[in-house]
file start.csv (CSV, C-alpha atoms)
chain,number,residue,atom,x,y,z
A,1,MET,CA,24.6,-25.6,-8.4
A,2,ARG,CA,22.0,-23.4,-10.3
A,3,LEU,CA,20.2,-20.4,-8.8
A,4,GLY,CA,16.7,-19.3,-9.7
A,5,ILE,CA,14.6,-16.3,-8.6
A,6,ASP,CA,10.9,-15.8,-9.0
A,7,ILE,CA,10.1,-12.1,-8.5
A,8,GLY,CA,6.4,-11.8,-7.7
A,9,GLY,CA,4.2,-8.8,-7.0
A,10,THR,CA,4.5,-9.2,-3.2
A,11,LYS,CA,7.1,-11.9,-2.6
A,12,THR,CA,10.3,-13.1,-4.1
A,13,ASP,CA,11.0,-16.9,-4.0
A,14,ALA,CA,14.6,-18.0,-4.6
A,15,VAL,CA,16.1,-21.5,-4.8
A,16,ALA,CA,19.4,-23.2,-5.3
A,17,VAL,CA,19.2,-26.4,-7.4
A,18,ASP,CA,21.8,-29.1,-7.3
A,19,GLU,CA,23.3,-31.0,-10.3
A,20,LEU,CA,20.5,-33.5,-10.2
A,21,GLY,CA,17.9,-30.8,-10.4
A,22,ALA,CA,16.8,-31.3,-6.8
A,23,LEU,CA,16.0,-28.3,-4.5
A,24,ALA,CA,19.0,-27.6,-2.2
A,25,GLN,CA,18.1,-24.3,-0.6
A,26,ARG,CA,15.2,-21.9,-0.6
A,27,VAL,CA,14.6,-18.4,0.7
A,28,ARG,CA,11.7,-16.0,0.5
A,29,LEU,CA,11.8,-12.3,0.7
A,30,ALA,CA,9.3,-9.4,0.4
A,31,THR,CA,9.5,-7.8,-3.1
A,32,GLY,CA,10.3,-4.2,-3.3
A,33,PHE,CA,8.3,-1.8,-5.6
A,34,GLY,CA,9.9,0.1,-8.4
A,35,ASP,CA,13.1,-0.3,-10.4
A,36,VAL,CA,15.7,0.1,-7.6
A,37,ALA,CA,13.8,-1.9,-5.1
A,38,VAL,CA,13.2,-4.9,-7.5
A,39,VAL,CA,16.9,-5.0,-8.3
A,40,GLU,CA,17.9,-4.8,-4.7
A,41,THR,CA,15.5,-7.6,-3.8
A,42,ALA,CA,17.1,-9.9,-6.4
A,43,VAL,CA,20.6,-9.0,-5.2
A,44,ALA,CA,19.5,-9.8,-1.6
A,45,ALA,CA,18.2,-13.1,-2.7
A,46,VAL,CA,21.4,-14.1,-4.4
A,47,SER,CA,23.4,-12.9,-1.4
A,48,ARG,CA,21.3,-15.0,1.0
A,49,LEU,CA,21.5,-18.1,-1.1
A,50,GLY,CA,25.2,-17.5,-1.4
A,51,GLU,CA,25.5,-17.6,2.4
A,52,LEU,CA,23.5,-20.8,2.6
A,53,THR,CA,25.5,-22.6,-0.1
A,54,GLY,CA,28.9,-21.1,0.5
A,55,LEU,CA,29.0,-19.9,-3.2
A,56,ALA,CA,29.8,-16.5,-4.6
A,57,PRO,CA,27.5,-15.4,-7.5
A,58,GLY,CA,30.2,-16.6,-10.0
A,59,GLY,CA,30.2,-20.0,-8.3
A,60,PHE,CA,26.7,-20.9,-9.5
A,61,GLN,CA,26.6,-22.7,-12.8
A,62,SER,CA,23.8,-20.3,-13.9
A,63,ILE,CA,21.4,-17.7,-12.6
A,64,GLY,CA,17.9,-17.2,-13.9
A,65,ILE,CA,15.2,-14.8,-13.1
A,66,GLY,CA,11.4,-15.2,-13.6
A,67,VAL,CA,9.5,-11.9,-13.6
A,68,PRO,CA,6.0,-10.7,-14.7
A,69,GLY,CA,5.6,-8.6,-17.8
A,70,MET,CA,7.0,-8.6,-21.3
A,71,VAL,CA,10.5,-10.0,-21.3
A,72,ASP,CA,13.1,-9.7,-24.0
A,73,THR,CA,15.1,-12.8,-23.3
A,74,ALA,CA,18.0,-11.7,-25.5
A,75,SER,CA,18.6,-8.4,-23.7
A,76,GLY,CA,17.1,-9.2,-20.3
A,77,ASP,CA,14.9,-6.1,-20.5
A,78,VAL,CA,11.5,-6.2,-18.8
A,79,ALA,CA,8.5,-4.0,-19.8
A,80,HIS,CA,5.0,-3.4,-18.4
A,81,ALA,CA,5.4,-5.3,-15.1
A,82,VAL,CA,2.8,-3.1,-13.5
A,83,ASN,CA,2.5,-5.0,-10.2
A,84,LEU,CA,6.2,-4.4,-9.6
A,85,GLY,CA,6.1,-0.7,-10.7
A,86,LEU,CA,8.2,-1.4,-13.7
A,87,GLU,CA,7.5,0.4,-17.0
A,88,ARG,CA,10.8,-0.6,-18.6
A,89,LEU,CA,13.9,-1.9,-16.8
A,90,ALA,CA,17.1,-3.4,-18.1
A,91,LEU,CA,16.9,-6.0,-15.3
A,92,GLY,CA,19.3,-8.6,-16.8
A,93,GLY,CA,22.0,-5.9,-17.5
A,94,MET,CA,21.6,-4.2,-14.1
A,95,LEU,CA,21.9,-7.5,-12.2
A,96,ALA,CA,24.8,-8.7,-14.3
A,97,GLY,CA,26.6,-5.4,-13.3
A,98,ARG,CA,25.8,-5.8,-9.6
A,99,LEU,CA,26.6,-9.5,-9.4
A,100,GLY,CA,29.5,-9.7,-11.9
A,101,VAL,CA,28.0,-12.6,-13.8
A,102,GLY,CA,25.6,-13.1,-16.6
A,103,VAL,CA,21.9,-13.5,-15.7
A,104,ARG,CA,19.1,-14.9,-17.9
A,105,VAL,CA,15.6,-13.3,-17.6
A,106,GLU,CA,12.3,-14.9,-18.6
A,107,ASN,CA,8.6,-14.3,-18.1
A,108,ASP,CA,7.4,-15.8,-14.8
A,109,VAL,CA,4.7,-18.0,-16.4
A,110,LYS,CA,7.1,-19.5,-18.9
A,111,ALA,CA,9.6,-20.1,-16.1
A,112,ALA,CA,6.9,-21.9,-14.1
A,113,ALA,CA,6.1,-24.0,-17.1
A,114,LEU,CA,9.7,-25.2,-17.2
A,115,GLY,CA,9.7,-25.9,-13.5
A,116,ALA,CA,6.5,-27.8,-13.6
A,117,HIS,CA,7.7,-29.9,-16.5
A,118,HIS,CA,10.9,-30.8,-14.6
A,119,LEU,CA,9.2,-31.3,-11.2
A,120,LEU,CA,6.6,-33.7,-12.5
A,121,GLY,CA,9.1,-35.6,-14.6
A,122,LEU,CA,7.1,-35.1,-17.8
A,123,THR,CA,8.2,-35.8,-21.3
A,124,GLY,CA,7.0,-34.6,-24.7
A,125,THR,CA,4.8,-31.5,-24.8
A,126,MET,CA,3.3,-29.8,-21.8
A,127,ALA,CA,1.4,-26.5,-21.1
A,128,PHE,CA,1.4,-24.8,-17.7
A,129,LEU,CA,-1.9,-22.9,-17.4
A,130,ASN,CA,-1.4,-20.1,-14.9
A,131,LEU,CA,-4.6,-18.9,-13.3
A,132,GLY,CA,-3.7,-15.8,-11.3
A,133,THR,CA,-4.9,-12.3,-11.6
A,134,GLY,CA,-4.9,-13.0,-15.3
A,135,MET,CA,-4.6,-16.1,-17.5
A,136,ALA,CA,-1.6,-17.2,-19.5
A,137,ALA,CA,0.2,-20.4,-20.5
A,138,GLY,CA,3.8,-21.5,-20.8
A,139,ILE,CA,4.5,-24.3,-23.3
A,140,VAL,CA,7.4,-26.8,-23.1
A,141,VAL,CA,8.4,-29.0,-26.0
A,142,ASP,CA,10.8,-31.8,-25.3
A,143,GLY,CA,12.1,-30.1,-22.2
A,144,ARG,CA,12.6,-26.6,-23.8
A,145,LEU,CA,10.4,-23.6,-23.7
A,146,TRP,CA,8.5,-22.7,-26.9
A,147,ARG,CA,8.3,-18.9,-27.0
A,148,GLY,CA,7.0,-18.4,-30.5
A,149,SER,CA,8.4,-16.0,-33.0
A,150,THR,CA,8.0,-12.9,-30.8
A,151,GLY,CA,7.7,-14.5,-27.3
A,152,ILE,CA,3.9,-14.2,-27.2
A,153,ALA,CA,3.2,-17.9,-27.4
A,154,GLY,CA,0.8,-19.0,-24.6
A,155,GLU,CA,-1.1,-15.7,-24.2
A,156,ILE,CA,-4.4,-17.5,-24.5
A,157,GLY,CA,-6.1,-15.3,-21.8
A,158,HIS,CA,-6.6,-12.8,-24.6
A,159,LEU,CA,-8.5,-15.0,-26.9
A,160,PRO,CA,-12.0,-13.5,-27.3
A,161,VAL,CA,-14.8,-16.0,-26.7
A,162,ASP,CA,-17.7,-13.6,-26.4
A,163,PRO,CA,-17.7,-10.4,-28.5
A,164,ARG,CA,-20.4,-9.0,-26.3
A,165,GLY,CA,-18.5,-9.8,-23.1
A,166,ALA,CA,-16.7,-7.5,-20.7
A,167,LEU,CA,-13.9,-5.2,-21.8
A,168,CYS,CA,-10.5,-6.8,-21.2
A,169,ALA,CA,-7.4,-5.0,-20.1
A,170,CYS,CA,-5.9,-5.8,-23.6
A,171,GLY,CA,-8.6,-3.7,-25.3
A,172,GLN,CA,-10.7,-6.6,-26.7
A,173,HIS,CA,-14.1,-7.7,-25.4
A,174,GLY,CA,-15.0,-11.1,-23.9
A,175,CYS,CA,-11.5,-12.6,-23.6
A,176,LEU,CA,-11.1,-15.8,-21.7
A,177,GLU,CA,-9.3,-13.9,-18.9
A,178,THR,CA,-12.5,-11.8,-18.2
A,179,VAL,CA,-14.2,-14.9,-16.9
A,180,ALA,CA,-11.5,-17.4,-16.0
A,181,SER,CA,-9.0,-15.6,-13.8
A,182,GLY,CA,-8.7,-13.9,-10.4
A,183,SER,CA,-9.6,-10.5,-11.8
A,184,GLY,CA,-12.5,-12.0,-13.8
A,185,VAL,CA,-14.0,-13.5,-10.6
A,186,ALA,CA,-13.5,-10.3,-8.6
A,187,ARG,CA,-15.3,-8.3,-11.3
A,188,GLN,CA,-18.2,-10.7,-11.4
A,189,TRP,CA,-18.4,-11.4,-7.7
A,190,PRO,CA,-17.6,-8.2,-5.7
A,191,THR,CA,-16.7,-9.0,-2.1
A,192,ASP,CA,-14.7,-7.8,0.9
A,193,ASP,CA,-12.9,-11.1,1.0
A,194,PRO,CA,-9.3,-10.7,0.0
A,195,LEU,CA,-9.7,-13.9,-2.0
A,196,PRO,CA,-12.9,-13.4,-4.0
A,197,VAL,CA,-12.8,-16.9,-5.5
A,198,ARG,CA,-13.0,-18.3,-2.0
A,199,ALA,CA,-16.1,-16.2,-1.2
A,200,LEU,CA,-17.6,-17.2,-4.6
A,201,PHE,CA,-17.2,-21.0,-3.9
A,202,ALA,CA,-18.6,-20.5,-0.4
A,203,ALA,CA,-21.7,-18.7,-1.7
A,204,ALA,CA,-22.2,-21.3,-4.5
A,205,ALA,CA,-22.0,-24.0,-1.9
A,206,ASP,CA,-24.8,-22.2,0.1
A,207,GLY,CA,-27.0,-22.3,-3.0
A,208,ASP,CA,-26.6,-18.7,-4.3
A,209,ARG,CA,-27.8,-18.8,-7.9
A,210,GLU,CA,-25.6,-16.0,-9.2
A,211,ALA,CA,-22.5,-17.4,-7.5
A,212,ARG,CA,-23.2,-20.7,-9.1
A,213,ALA,CA,-23.5,-19.0,-12.5
A,214,VAL,CA,-20.1,-17.2,-12.0
A,215,LYS,CA,-18.5,-20.4,-10.8
A,216,ALA,CA,-19.9,-22.2,-13.9
A,217,ARG,CA,-18.4,-19.6,-16.2
A,218,LEU,CA,-15.1,-19.9,-14.5
A,219,ALA,CA,-15.0,-23.7,-15.0
A,220,ALA,CA,-16.1,-23.3,-18.7
A,221,GLY,CA,-13.4,-20.7,-19.3
A,222,ILE,CA,-10.7,-22.9,-17.9
A,223,ALA,CA,-12.0,-25.9,-19.8
A,224,SER,CA,-12.0,-23.7,-23.0
A,225,ALA,CA,-8.3,-22.9,-22.3
A,226,VAL,CA,-7.5,-26.6,-22.0
A,227,ARG,CA,-9.3,-27.3,-25.3
A,228,VAL,CA,-7.4,-24.5,-27.1
A,229,LEU,CA,-4.0,-25.7,-25.8
A,230,VAL,CA,-4.8,-29.3,-26.9
A,231,LEU,CA,-6.3,-28.4,-30.3
A,232,THR,CA,-3.5,-25.9,-31.2
A,233,VAL,CA,-0.4,-27.5,-29.8
A,234,ASP,CA,-1.6,-31.0,-28.9
A,235,VAL,CA,0.0,-30.9,-25.5
A,236,GLY,CA,0.1,-34.2,-23.7
A,237,THR,CA,-0.5,-32.6,-20.3
A,238,VAL,CA,-2.0,-29.3,-19.1
A,239,VAL,CA,-0.8,-28.4,-15.6
A,240,ILE,CA,-3.0,-25.9,-13.8
A,241,GLY,CA,-1.1,-23.5,-11.5
A,242,GLY,CA,-1.4,-20.0,-10.1
A,243,GLY,CA,-3.5,-18.6,-7.3
A,244,LEU,CA,-6.7,-20.2,-8.3
A,245,SER,CA,-5.1,-23.7,-8.3
A,246,HIS,CA,-5.1,-23.5,-4.5
A,247,LEU,CA,-8.8,-24.5,-4.7
A,248,GLY,CA,-7.5,-27.9,-5.6
A,249,GLU,CA,-9.9,-30.7,-6.4
A,250,ARG,CA,-12.9,-28.4,-6.1
A,251,LEU,CA,-11.7,-26.5,-9.1
A,252,LEU,CA,-10.4,-29.5,-11.0
A,253,GLY,CA,-13.6,-31.3,-10.5
A,254,ASP,CA,-15.6,-28.5,-12.0
A,255,VAL,CA,-13.3,-28.3,-15.0
A,256,HIS,CA,-13.5,-32.1,-15.5
A,257,GLU,CA,-17.3,-31.9,-15.4
A,258,VAL,CA,-17.3,-29.4,-18.2
A,259,LEU,CA,-14.9,-31.4,-20.3
A,260,HIS,CA,-16.9,-34.6,-19.8
A,261,ASP,CA,-20.1,-32.8,-20.8
A,262,TRP,CA,-18.4,-31.8,-24.1
A,263,GLU,CA,-17.3,-35.4,-24.7
A,264,ARG,CA,-21.0,-36.6,-24.5
A,265,THR,CA,-21.9,-34.5,-27.5
A,266,SER,CA,-18.6,-34.6,-29.5
A,267,PRO,CA,-17.0,-37.9,-30.4
A,268,PHE,CA,-14.1,-35.9,-31.7
A,269,LEU,CA,-13.4,-34.3,-28.3
A,270,ALA,CA,-14.1,-37.6,-26.6
A,271,SER,CA,-11.3,-39.2,-28.7
A,272,LEU,CA,-8.8,-36.6,-27.3
A,273,ASP,CA,-9.4,-37.5,-23.6
A,274,LEU,CA,-9.1,-33.9,-22.5
A,275,PRO,CA,-10.0,-34.6,-18.8
A,276,GLY,CA,-7.1,-37.2,-18.7
A,277,ARG,CA,-4.6,-34.5,-19.8
A,278,VAL,CA,-5.3,-32.0,-17.0
A,279,ARG,CA,-3.7,-32.0,-13.6
A,280,LEU,CA,-2.9,-29.6,-10.8
A,281,VAL,CA,0.6,-28.4,-9.9
A,282,PRO,CA,1.7,-29.9,-6.5
A,283,GLU,CA,0.6,-27.6,-3.7
A,284,GLY,CA,3.4,-25.5,-2.2
A,285,THR,CA,6.1,-26.3,-4.7
A,286,PRO,CA,8.2,-23.3,-6.0
A,287,VAL,CA,7.8,-24.2,-9.7
A,288,ALA,CA,8.5,-20.7,-10.9
A,289,ALA,CA,11.7,-20.3,-9.0
A,290,LEU,CA,12.8,-23.8,-9.9
A,291,GLY,CA,12.0,-23.0,-13.6
A,292,ALA,CA,14.0,-19.8,-13.3
A,293,ALA,CA,17.0,-21.9,-12.2
A,294,LEU,CA,16.5,-24.0,-15.3
A,295,VAL,CA,16.0,-21.0,-17.5
A,296,GLY,CA,19.6,-20.0,-16.8
A,297,GLU,CA,20.5,-22.7,-19.3
A,298,ASN,CA,17.4,-23.0,-21.5

call {"tool": "encode", "arguments": {"input": "start.csv", "output": "structure tokens"}}
result
Amino acid sequence: MRLGIDIGGTKTDAVAVDELGALAQRVRLATGFGDVAVVETAVAAVSRLGELTGLAPGGFQSIGIGVPGMVDTASGDVAHAVNLGLERLALGGMLAGRLGVGVRVENDVKAAALGAHHLLGLTGTMAFLNLGTGMAAGIVVDGRLWRGSTGIAGEIGHLPVDPRGALCACGQHGCLETVASGSGVARQWPTDDPLPVRALFAAAADGDREARAVKARLAAGIASAVRVLVLTVDVGTVVIGGGLSHLGERLLGDVHEVLHDWERTSPFLASLDLPGRVRLVPEGTPVAALGAALVGEN
């Protein structure tokens, strides 16, 4: 039995996975804010899954954690996880001390990539394109995460596509993330709706010209991310996940439309079948927590 925990900005999702890789138990807890609270949340998740499975922490084959921010997978240290109130935290070491067993820590998007690859039964090379507050991708090659030389592989949200575009949080202008992410939509379409993209799609459906323009930029930005992932890594599948993926076929249809338009003017792109490589993560599946369980051994 393996244990995986996905520590999100508001909730923590934890799962126990059996020897066949199937979900055995799942618990969800509110995530605390700050160093101490985040550690306590993770410990509570392990304790709860221990009660459900009858296993002590040392009884699990492995324990993996997925967390936002910059993660040093060798040390288990986490930096710049601003939504959790973490500037720098030795998360892996602190949890190992509390639980009495070793813990593997990975960036949450990379963990979700591993979970999606396993859940969908994919082979070969895959990218998980996470469309949440920001944009990032996790890449899996033959069942293993590809992190790159410094762990930065997949940070395609910070590829500038418009030098005259909006200032990105990374300090560059016109990054993909500024148009194709939750924060990008919120900046372009101010609204009181807690889900700005929902308000955007509703306004576009009602014929609002500006809403349609923002929606078109969103689809083009996502399509550009798909194109980058295929042209640089030649991934066989791009799985779209994250908060924006809850739009489902409405979002996927827009992205497919852009990709098909490109194919009409580029025989080269047409030969790559970009639309055929894109799919949505199954709704409601805990891919990040599942991936975290697998990260314990990856």

call {"tool": "residues_near_point", "arguments": {"input": "start.csv", "point": "(8.5, -24.8, -26.0)", "cutoff": "9 Å", "atoms": "only C-alpha atoms", "output": "PyMOL selection string"}}
result
chain A and resi 110+114+125-127+138-148+153

call {"tool": "residues_around", "arguments": {"input": "start.csv", "residues": "Ala223 in chain A", "least_positions_apart": "4", "cutoff": "7 Å", "atoms": "only C-alpha atoms", "output": "list in words"}}
result
Ala219, Arg227, Val255, Val258 and Leu259 of chain A

call {"tool": "write_last_selection", "arguments": {"input": "start.csv", "atoms": "C-alpha atoms", "output": "mmCIF file, keeping the file's coordinate frame"}}
result
data_model
loop_
_atom_site.group_PDB
_atom_site.id
_atom_site.type_symbol
_atom_site.label_atom_id
_atom_site.label_comp_id
_atom_site.auth_asym_id
_atom_site.auth_seq_id
_atom_site.Cartn_x
_atom_site.Cartn_y
_atom_site.Cartn_z
ATOM 1 C CA ALA A 219 -15.000 -23.700 -15.000
ATOM 2 C CA ARG A 227 -9.300 -27.300 -25.300
ATOM 3 C CA VAL A 255 -13.300 -28.300 -15.000
ATOM 4 C CA VAL A 258 -17.300 -29.400 -18.200
ATOM 5 C CA LEU A 259 -14.900 -31.400 -20.300
#

call {"tool": "closest_residue", "arguments": {"input": "start.csv", "among": "A:Asn130, A:Thr123, A:Ser183, A:Thr150", "to": "Val226 in chain A", "atoms": "all atoms listed in the file"}}
result
A:Asn130

call {"tool": "closest_residue", "arguments": {"input": "start.csv", "among": "A:Pro190, A:Gly85, A:Gly207, A:Gly54", "to": "Thr10 in chain A", "atoms": "all atoms listed in the file"}}
result
A:Gly85

call {"tool": "closest_residue", "arguments": {"input": "start.csv", "among": "A:Pro163, A:Gly92, A:Gly132, A:Gly157", "to": "Gly182 in chain A", "atoms": "all atoms listed in the file"}}
result
A:Gly132

call {"tool": "residues_around", "arguments": {"input": "start.csv", "residues": "Val78 in chain A", "least_positions_apart": "3", "cutoff": "9 Å", "atoms": "only C-alpha atoms", "output": "short mmCIF file (atom, residue, chain, number, x, y, z; two decimals) with C-alpha atoms, keeping the file's coordinate frame"}}
result
data_model
loop_
_atom_site.label_atom_id
_atom_site.label_comp_id
_atom_site.auth_asym_id
_atom_site.auth_seq_id
_atom_site.Cartn_x
_atom_site.Cartn_y
_atom_site.Cartn_z
CA VAL A 67 9.50 -11.90 -13.60
CA PRO A 68 6.00 -10.70 -14.70
CA GLY A 69 5.60 -8.60 -17.80
CA MET A 70 7.00 -8.60 -21.30
CA VAL A 71 10.50 -10.00 -21.30
CA ASP A 72 13.10 -9.70 -24.00
CA THR A 73 15.10 -12.80 -23.30
CA SER A 75 18.60 -8.40 -23.70
CA ALA A 81 5.40 -5.30 -15.10
CA LEU A 86 8.20 -1.40 -13.70
CA GLU A 87 7.50 0.40 -17.00
CA ARG A 88 10.80 -0.60 -18.60
CA LEU A 89 13.90 -1.90 -16.80
CA ALA A 90 17.10 -3.40 -18.10
CA LEU A 91 16.90 -6.00 -15.30
CA GLY A 92 19.30 -8.60 -16.80
CA VAL A 105 15.60 -13.30 -17.60
CA GLU A 106 12.30 -14.90 -18.60
CA ASN A 107 8.60 -14.30 -18.10
#

call {"tool": "closest_residue", "arguments": {"input": "start.csv", "among": "A:Leu280, A:Ala202, A:Val27, A:Val109", "to": "Ala137 in chain A", "atoms": "all atoms listed in the file"}}
result
A:Val109

call {"tool": "closest_residue", "arguments": {"input": "start.csv", "among": "A:Gly115, A:Val228, A:Gly284, A:Arg104", "to": "His158 in chain A", "atoms": "only C-alpha atoms"}}
result
A:Val228

call {"tool": "closest_residue", "arguments": {"input": "start.csv", "among": "A:Ala211, A:Ala44, A:Ala22, A:Val38", "to": "Pro196 in chain A", "atoms": "all atoms listed in the file"}}
result
A:Ala211

call {"tool": "atom_distance", "arguments": {"input": "start.csv", "atom1": "CA of Cys168 in chain A", "atom2": "CA of Lys215 in chain A"}}
result
18.9 Å

call {"tool": "residues_around", "arguments": {"input": "start.csv", "residues": "Phe60 in chain A", "least_positions_apart": "3", "cutoff": "6 Å", "atoms": "all atoms listed in the file", "output": "number ranges by chain"}}
result
A: 1-2, 57

call {"tool": "atom_distance", "arguments": {"input": "start.csv", "atom1": "CA of Val103 in chain A", "atom2": "CA of Ile240 in chain A"}}
result
27.9 Å

call {"tool": "residues_around", "arguments": {"input": "start.csv", "residues": "His118 in chain A", "least_positions_apart": "2", "cutoff": "9 Å", "atoms": "all atoms listed in the file", "output": "PDB file with C-alpha atoms, in the coordinates of the input"}}
result
ATOM      1  CA  GLY A  21      17.900 -30.800 -10.400  1.00  0.00           C
ATOM      2  CA  ALA A 113       6.100 -24.000 -17.100  1.00  0.00           C
ATOM      3  CA  LEU A 114       9.700 -25.200 -17.200  1.00  0.00           C
ATOM      4  CA  GLY A 115       9.700 -25.900 -13.500  1.00  0.00           C
ATOM      5  CA  ALA A 116       6.500 -27.800 -13.600  1.00  0.00           C
ATOM      6  CA  LEU A 120       6.600 -33.700 -12.500  1.00  0.00           C
ATOM      7  CA  GLY A 121       9.100 -35.600 -14.600  1.00  0.00           C
ATOM      8  CA  LEU A 122       7.100 -35.100 -17.800  1.00  0.00           C
ATOM      9  CA  THR A 123       8.200 -35.800 -21.300  1.00  0.00           C
ATOM     10  CA  GLY A 143      12.100 -30.100 -22.200  1.00  0.00           C
ATOM     11  CA  VAL A 287       7.800 -24.200  -9.700  1.00  0.00           C
ATOM     12  CA  LEU A 290      12.800 -23.800  -9.900  1.00  0.00           C
ATOM     13  CA  GLY A 291      12.000 -23.000 -13.600  1.00  0.00           C
ATOM     14  CA  LEU A 294      16.500 -24.000 -15.300  1.00  0.00           C
TER      15      LEU A 294
END

call {"tool": "atom_distance", "arguments": {"input": "start.csv", "atom1": "CA of Val278 in chain A", "atom2": "CA of Gly124 in chain A"}}
result
14.7 Å

call {"tool": "residues_around", "arguments": {"input": "start.csv", "residues": "Val230 in chain A", "least_positions_apart": "5", "cutoff": "12 Å", "atoms": "only C-alpha atoms", "output": "ChimeraX atom specification"}}
result
/A:125-129,139,154,223-225,235-238,269,271-278

call {"tool": "build_atoms", "arguments": {"input": "start.csv", "residues": "range 88-109 of chain A", "atoms": "N, CA and C atoms", "output": "PDB file, in the coordinates of the input"}}
result
ATOM      1  N   ARG A  88       9.730   0.018 -17.800  1.00  0.00           N
ATOM      2  CA  ARG A  88      10.800  -0.600 -18.600  1.00  0.00           C
ATOM      3  C   ARG A  88      12.059  -0.633 -17.777  1.00  0.00           C
ATOM      4  N   LEU A  89      12.669  -1.796 -17.679  1.00  0.00           N
ATOM      5  CA  LEU A  89      13.900  -1.900 -16.800  1.00  0.00           C
ATOM      6  C   LEU A  89      14.823  -2.934 -17.492  1.00  0.00           C
ATOM      7  N   ALA A  90      16.087  -2.541 -17.586  1.00  0.00           N
ATOM      8  CA  ALA A  90      17.100  -3.400 -18.100  1.00  0.00           C
ATOM      9  C   ALA A  90      17.582  -4.346 -16.965  1.00  0.00           C
ATOM     10  N   LEU A  91      16.668  -5.240 -16.536  1.00  0.00           N
ATOM     11  CA  LEU A  91      16.900  -6.000 -15.300  1.00  0.00           C
ATOM     12  C   LEU A  91      18.114  -6.946 -15.484  1.00  0.00           C
ATOM     13  N   GLY A  92      18.218  -7.643 -16.597  1.00  0.00           N
ATOM     14  CA  GLY A  92      19.300  -8.600 -16.800  1.00  0.00           C
ATOM     15  C   GLY A  92      20.674  -7.836 -16.746  1.00  0.00           C
ATOM     16  N   GLY A  93      20.747  -6.705 -17.434  1.00  0.00           N
ATOM     17  CA  GLY A  93      22.000  -5.900 -17.500  1.00  0.00           C
ATOM     18  C   GLY A  93      22.360  -5.356 -16.123  1.00  0.00           C
ATOM     19  N   MET A  94      21.356  -4.843 -15.415  1.00  0.00           N
ATOM     20  CA  MET A  94      21.600  -4.200 -14.100  1.00  0.00           C
ATOM     21  C   MET A  94      22.090  -5.300 -13.102  1.00  0.00           C
ATOM     22  N   LEU A  95      21.456  -6.480 -13.128  1.00  0.00           N
ATOM     23  CA  LEU A  95      21.900  -7.500 -12.200  1.00  0.00           C
ATOM     24  C   LEU A  95      23.249  -8.073 -12.554  1.00  0.00           C
ATOM     25  N   ALA A  96      23.519  -8.194 -13.842  1.00  0.00           N
ATOM     26  CA  ALA A  96      24.800  -8.700 -14.300  1.00  0.00           C
ATOM     27  C   ALA A  96      25.916  -7.688 -13.754  1.00  0.00           C
ATOM     28  N   GLY A  97      25.630  -6.390 -13.819  1.00  0.00           N
ATOM     29  CA  GLY A  97      26.600  -5.400 -13.300  1.00  0.00           C
ATOM     30  C   GLY A  97      26.783  -5.473 -11.831  1.00  0.00           C
ATOM     31  N   ARG A  98      25.702  -5.741 -11.097  1.00  0.00           N
ATOM     32  CA  ARG A  98      25.800  -5.800  -9.600  1.00  0.00           C
ATOM     33  C   ARG A  98      26.461  -7.125  -9.180  1.00  0.00           C
ATOM     34  N   LEU A  99      26.177  -8.217  -9.881  1.00  0.00           N
ATOM     35  CA  LEU A  99      26.600  -9.500  -9.400  1.00  0.00           C
ATOM     36  C   LEU A  99      27.967  -9.948 -10.077  1.00  0.00           C
ATOM     37  N   GLY A 100      28.294  -9.339 -11.187  1.00  0.00           N
ATOM     38  CA  GLY A 100      29.500  -9.700 -11.900  1.00  0.00           C
ATOM     39  C   GLY A 100      29.466 -10.938 -12.711  1.00  0.00           C
ATOM     40  N   VAL A 101      28.236 -11.442 -12.940  1.00  0.00           N
ATOM     41  CA  VAL A 101      28.000 -12.600 -13.800  1.00  0.00           C
ATOM     42  C   VAL A 101      26.802 -12.427 -14.641  1.00  0.00           C
ATOM     43  N   GLY A 102      26.709 -13.173 -15.730  1.00  0.00           N
ATOM     44  CA  GLY A 102      25.600 -13.100 -16.600  1.00  0.00           C
ATOM     45  C   GLY A 102      24.304 -13.650 -15.960  1.00  0.00           C
ATOM     46  N   VAL A 103      23.166 -13.068 -16.306  1.00  0.00           N
ATOM     47  CA  VAL A 103      21.900 -13.500 -15.700  1.00  0.00           C
ATOM     48  C   VAL A 103      20.881 -13.629 -16.889  1.00  0.00           C
ATOM     49  N   ARG A 104      20.112 -14.713 -16.892  1.00  0.00           N
ATOM     50  CA  ARG A 104      19.100 -14.900 -17.900  1.00  0.00           C
ATOM     51  C   ARG A 104      17.719 -14.516 -17.266  1.00  0.00           C
ATOM     52  N   VAL A 105      16.909 -13.785 -18.035  1.00  0.00           N
ATOM     53  CA  VAL A 105      15.600 -13.300 -17.600  1.00  0.00           C
ATOM     54  C   VAL A 105      14.518 -13.900 -18.451  1.00  0.00           C
ATOM     55  N   GLU A 106      13.427 -14.362 -17.813  1.00  0.00           N
ATOM     56  CA  GLU A 106      12.300 -14.900 -18.600  1.00  0.00           C
ATOM     57  C   GLU A 106      11.003 -14.532 -17.900  1.00  0.00           C
ATOM     58  N   ASN A 107       9.942 -14.507 -18.657  1.00  0.00           N
ATOM     59  CA  ASN A 107       8.600 -14.300 -18.100  1.00  0.00           C
ATOM     60  C   ASN A 107       8.305 -15.334 -17.049  1.00  0.00           C
ATOM     61  N   ASP A 108       7.638 -14.930 -15.971  1.00  0.00           N
ATOM     62  CA  ASP A 108       7.400 -15.800 -14.800  1.00  0.00           C
ATOM     63  C   ASP A 108       6.573 -17.050 -15.161  1.00  0.00           C
ATOM     64  N   VAL A 109       5.568 -16.883 -16.012  1.00  0.00           N
ATOM     65  CA  VAL A 109       4.700 -18.000 -16.400  1.00  0.00           C
ATOM     66  C   VAL A 109       5.500 -19.042 -17.187  1.00  0.00           C
TER      67      VAL A 109
END
